[in-house]
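To start, the structure itself, in structure tokens.
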Amino acid sequence: MTETRYLIDPHRDFIESEGIPIVEDFGIDMLSLEVRPWARMAASGAYVLVKGRGDFLDTYVLEIPPGGETAPQRHLFEEVVYVLDGSGSTSIELPDGQVTSFEWGRRSLFALPLNARYRHFNGRGARPARLVATTNLPLVLKAFHDVEFVFDNDFVFPERFGQPAHFRGEGEFIPVRPGRHQWETNFVPDLGAFELQEWKARGAGGSNIMFVLANGTMHAHISEMPVGTYKKGHRHGADFHIFPVTGEGYSLLWYEGDEDFVRVDWEHGTVYAPPDMMFHQHFNVSPEPARYLAVAYGGLRYPFSEDKRRTFTGMDVSVKDGGRQIEYEDQDPRIHRLYVEELGRRGIEPCMDEVLASSRP
Ligand SMILES: [Fe+2]
């Protein structure tokens, strides 16, 4: 019988052939997720496909046992790595053949330069190291549908490696304007400690920084909400993966016209992705500032899609003015009431009065 070739998904076919679990859900706890031996990486792993993630990105969890090291990898897809637990190091072969390496720990962020040969090591300690990688493998495999081309290709991209200091946690600050300030690097040792820039227009008296990582098209940014505050609701296209870093909170999600909200509770270890044009709003309910990392496809330097271009220009502009944000005075009153109740249960004082007063556009 001849196989009828239609509705093919080369990315799905590939990850199913890798022999590790494929977990699909709306929000996923990656710290408790079961991983299984992964021959290609010489470690353990699981693919994590968050519902609503869009067409371009996937994520996987990688666990390296104490004393373990991954098999060398190189590939024609971009990869942004966030360290969930443990510590270790990564070595990267530079275009001149030399090898550089850097040490990471819980809450580190780094990017693997496109098609660079690399290995991860868990050289110290008695604990496994657990990483989560967000990649654009779906885009690349769907475009070329040839695994050998993607994983066994000698082309070198020298301009993706940046400065040697970029692997030591140094970088360049690129000031633009609030919400668009950038930090260009390949490695951020601790996302919890990184200095952020004020961004009043997104609400919550919050702050953020946009990253340019390994001169790639992957987007990453971190945002922080002070204690007792929440951000304004907004919407955009799919593929922003949210990784909480510090504190805990919840997000409400809804489509325009919906009666009710979908709620996701989060803390470090969770991942979820607001689906295409679904409004969403983030709330800090912890006694410390809540910070989250967002990774997407198409960054501020290379937006890749028209939707990202619009997001980066309209993300702090009211929907009433053609933007993508709901101002506090236009939001459903239930949103604020629910937040005050949540904080009351935890004995935390809301600090929204000042934020609401100062947010009038
Ligand atoms: Fe968002």
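Naming scheme: A, B, ... for chains in displayed order of the structure tokens; residues 1 onward per chain; ligands 1 onward as shown.
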
Gly347 in chain A environment, 12 Å, only C-alpha atoms, sequence neighbours closer than 2 positions dropped, as a list in words:
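Within the cut-off, the hits are Val227, Gly228, Val285, Ser286, Pro287, Val340, Glu341, Glu342, Leu343, Gly344, Arg345, Glu349 and Pro350 of chain A.
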
Taking only C-alpha atoms and all ligand atoms into account, which residues are within 10 Å of ligand 1, as a list of chain:residue names?
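What falls inside 10 Å of ligand 1 is A:Lys232, A:Gly233, A:His234, A:Arg235, A:His236, A:Gly237, A:Ala238, A:Asp239, A:Phe240, A:His241, A:Ile242, A:Ala273, A:Pro274, A:Pro275, A:Met277, A:Met278, A:Phe279, A:His280, A:Gln281, A:His282, A:Ala294, A:Thr311, A:Met315, A:Arg324, A:Gln325.
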
With N, CA, C and O atoms retained, could you export that selection as a compact mmCIF listing (two decimals), in the first residue's frame?
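Everything below was put into part.txt:
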# COMPACT_ATOMS: atom_id res chain seq x y z
N LYS A 232 -0.85 45.79 33.07
CA LYS A 232 -2.04 45.99 32.25
C LYS A 232 -2.22 44.78 31.33
O LYS A 232 -1.24 44.15 30.94
N GLY A 233 -3.47 44.50 30.99
CA GLY A 233 -3.74 43.42 30.04
C GLY A 233 -3.29 43.83 28.64
O GLY A 233 -3.27 45.02 28.31
N HIS A 234 -2.90 42.84 27.85
CA HIS A 234 -2.59 43.13 26.45
C HIS A 234 -2.69 41.85 25.63
O HIS A 234 -2.97 40.78 26.17
N ARG A 235 -2.50 41.97 24.33
CA ARG A 235 -2.54 40.78 23.47
C ARG A 235 -1.57 40.95 22.31
O ARG A 235 -1.16 42.06 21.98
N HIS A 236 -1.23 39.83 21.71
CA HIS A 236 -0.31 39.81 20.56
C HIS A 236 -0.39 38.43 19.94
O HIS A 236 -1.10 37.56 20.44
N GLY A 237 0.38 38.21 18.89
CA GLY A 237 0.40 36.91 18.23
C GLY A 237 1.00 35.85 19.14
O GLY A 237 1.61 36.15 20.17
N ALA A 238 0.85 34.59 18.73
CA ALA A 238 1.34 33.46 19.54
C ALA A 238 2.86 33.39 19.49
O ALA A 238 3.48 33.94 18.59
N ASP A 239 3.40 32.72 20.43
CA ASP A 239 4.78 32.20 20.55
C ASP A 239 5.60 32.80 21.69
O ASP A 239 6.71 32.37 21.94
N PHE A 240 5.05 33.78 22.43
CA PHE A 240 5.76 34.25 23.63
C PHE A 240 5.63 33.17 24.70
O PHE A 240 4.54 32.92 25.21
N HIS A 241 6.75 32.54 25.03
CA HIS A 241 6.78 31.55 26.11
C HIS A 241 7.17 32.27 27.40
O HIS A 241 8.19 32.95 27.44
N ILE A 242 6.36 32.12 28.44
CA ILE A 242 6.60 32.82 29.71
C ILE A 242 7.22 31.85 30.72
O ILE A 242 6.66 30.79 31.01
N ALA A 273 2.17 29.79 27.40
CA ALA A 273 2.28 30.72 26.26
C ALA A 273 0.90 31.29 25.94
O ALA A 273 -0.01 30.54 25.58
N PRO A 274 0.71 32.61 26.08
CA PRO A 274 -0.59 33.19 25.71
C PRO A 274 -0.88 32.94 24.22
O PRO A 274 -0.08 33.29 23.37
N PRO A 275 -2.01 32.29 23.91
CA PRO A 275 -2.33 31.97 22.51
C PRO A 275 -2.57 33.23 21.66
O PRO A 275 -2.75 34.33 22.18
N MET A 277 -3.49 36.31 19.91
CA MET A 277 -4.42 37.41 20.15
C MET A 277 -5.37 37.18 21.34
O MET A 277 -6.45 37.78 21.41
N MET A 278 -4.97 36.35 22.26
CA MET A 278 -5.74 36.17 23.50
C MET A 278 -5.22 37.22 24.49
O MET A 278 -4.02 37.30 24.72
N PHE A 279 -6.14 38.03 25.04
CA PHE A 279 -5.71 38.99 26.05
C PHE A 279 -5.15 38.25 27.25
O PHE A 279 -5.62 37.15 27.60
N HIS A 280 -4.15 38.84 27.90
CA HIS A 280 -3.60 38.22 29.10
C HIS A 280 -3.06 39.32 30.00
O HIS A 280 -2.69 40.41 29.54
N GLN A 281 -3.02 39.00 31.29
CA GLN A 281 -2.62 40.00 32.29
C GLN A 281 -1.93 39.27 33.43
O GLN A 281 -2.40 38.22 33.87
N HIS A 282 -0.81 39.85 33.90
CA HIS A 282 0.02 39.17 34.90
C HIS A 282 -0.10 39.85 36.25
O HIS A 282 -0.06 41.08 36.35
N ALA A 294 10.44 36.11 29.08
CA ALA A 294 9.60 35.76 27.94
C ALA A 294 10.52 35.49 26.75
O ALA A 294 11.44 36.26 26.48
N THR A 311 3.66 44.38 17.53
CA THR A 311 3.71 44.17 18.99
C THR A 311 4.73 45.12 19.60
O THR A 311 4.45 45.79 20.60
N MET A 315 2.79 47.70 21.88
CA MET A 315 2.56 46.90 23.09
C MET A 315 2.19 47.73 24.31
O MET A 315 1.61 47.21 25.25
N ARG A 324 -2.28 47.57 21.57
CA ARG A 324 -2.58 46.21 22.00
C ARG A 324 -2.74 46.07 23.50
O ARG A 324 -2.69 44.97 24.05
N GLN A 325 -2.95 47.20 24.18
CA GLN A 325 -3.00 47.19 25.63
C GLN A 325 -4.35 47.70 26.13
O GLN A 325 -4.92 48.62 25.55

Find the residues around Ser108 in chain A up to 8 Å (only C-alpha atoms counted), leave out those fewer than 6 positions away in its own chain, and share them as a ChimeraX atom specification.
/A:82-83,187-191

Which is closest to Ile209 in chain A among A:Leu300, A:Leu114, A:Ala143, A:Ile64, if we use only C-alpha atoms?
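Smallest separation from Ile209 in chain A among the options: A:Leu300.
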
DSSP on the backbone, alpha helix (DSSP H) only: what residues of range 183-335 of chain A does that give? Format it as an mmCIF file with N, CA, C and O atoms, in the first residue's frame.
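So out31.cif came out as:
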data_model
loop_
_atom_site.group_PDB
_atom_site.id
_atom_site.type_symbol
_atom_site.label_atom_id
_atom_site.label_comp_id
_atom_site.auth_asym_id
_atom_site.auth_seq_id
_atom_site.Cartn_x
_atom_site.Cartn_y
_atom_site.Cartn_z
ATOM 1 N N GLU A 306 5.427 40.546 10.670
ATOM 2 C CA GLU A 306 4.722 41.823 10.773
ATOM 3 C C GLU A 306 4.035 41.944 12.133
ATOM 4 O O GLU A 306 3.962 43.025 12.718
ATOM 5 N N ASP A 307 3.551 40.790 12.641
ATOM 6 C CA ASP A 307 2.889 40.825 13.945
ATOM 7 C C ASP A 307 3.854 41.263 15.043
ATOM 8 O O ASP A 307 3.484 42.053 15.913
ATOM 9 N N LYS A 308 5.098 40.764 15.001
ATOM 10 C CA LYS A 308 6.063 41.169 16.032
ATOM 11 C C LYS A 308 6.377 42.663 15.908
ATOM 12 O O LYS A 308 6.496 43.373 16.910
ATOM 13 N N ARG A 309 6.502 43.127 14.688
ATOM 14 C CA ARG A 309 6.770 44.560 14.470
ATOM 15 C C ARG A 309 5.664 45.392 15.132
ATOM 16 O O ARG A 309 5.928 46.365 15.813
ATOM 17 N N ARG A 310 4.424 44.962 14.929
ATOM 18 C CA ARG A 310 3.294 45.679 15.534
ATOM 19 C C ARG A 310 3.290 45.552 17.043
ATOM 20 O O ARG A 310 2.944 46.486 17.761
ATOM 21 N N THR A 311 3.655 44.377 17.533
ATOM 22 C CA THR A 311 3.709 44.172 18.985
ATOM 23 C C THR A 311 4.730 45.123 19.601
ATOM 24 O O THR A 311 4.450 45.789 20.598
ATOM 25 N N PHE A 312 5.903 45.197 19.005
ATOM 26 C CA PHE A 312 6.963 46.008 19.607
ATOM 27 C C PHE A 312 6.686 47.509 19.495
ATOM 28 O O PHE A 312 7.219 48.295 20.262
ATOM 29 N N THR A 313 5.840 47.894 18.556
ATOM 30 C CA THR A 313 5.501 49.314 18.498
ATOM 31 C C THR A 313 4.245 49.615 19.321
ATOM 32 O O THR A 313 4.172 50.648 19.976
ATOM 33 N N GLY A 314 3.269 48.677 19.336
ATOM 34 C CA GLY A 314 1.977 48.977 19.973
ATOM 35 C C GLY A 314 1.747 48.325 21.310
ATOM 36 O O GLY A 314 0.643 48.387 21.854
ATOM 37 N N PRO A 333 -13.948 45.382 35.856
ATOM 38 C CA PRO A 333 -13.754 45.635 37.298
ATOM 39 C C PRO A 333 -13.485 44.362 38.113
ATOM 40 O O PRO A 333 -12.894 44.423 39.184
ATOM 41 N N ARG A 334 -13.917 43.194 37.611
ATOM 42 C CA ARG A 334 -13.680 41.940 38.342
ATOM 43 C C ARG A 334 -12.190 41.662 38.495
ATOM 44 O O ARG A 334 -11.762 41.002 39.430
ATOM 45 N N ILE A 335 -11.395 42.171 37.547
ATOM 46 C CA ILE A 335 -9.958 41.884 37.549
ATOM 47 C C ILE A 335 -9.299 42.458 38.794
ATOM 48 O O ILE A 335 -8.539 41.765 39.478
#
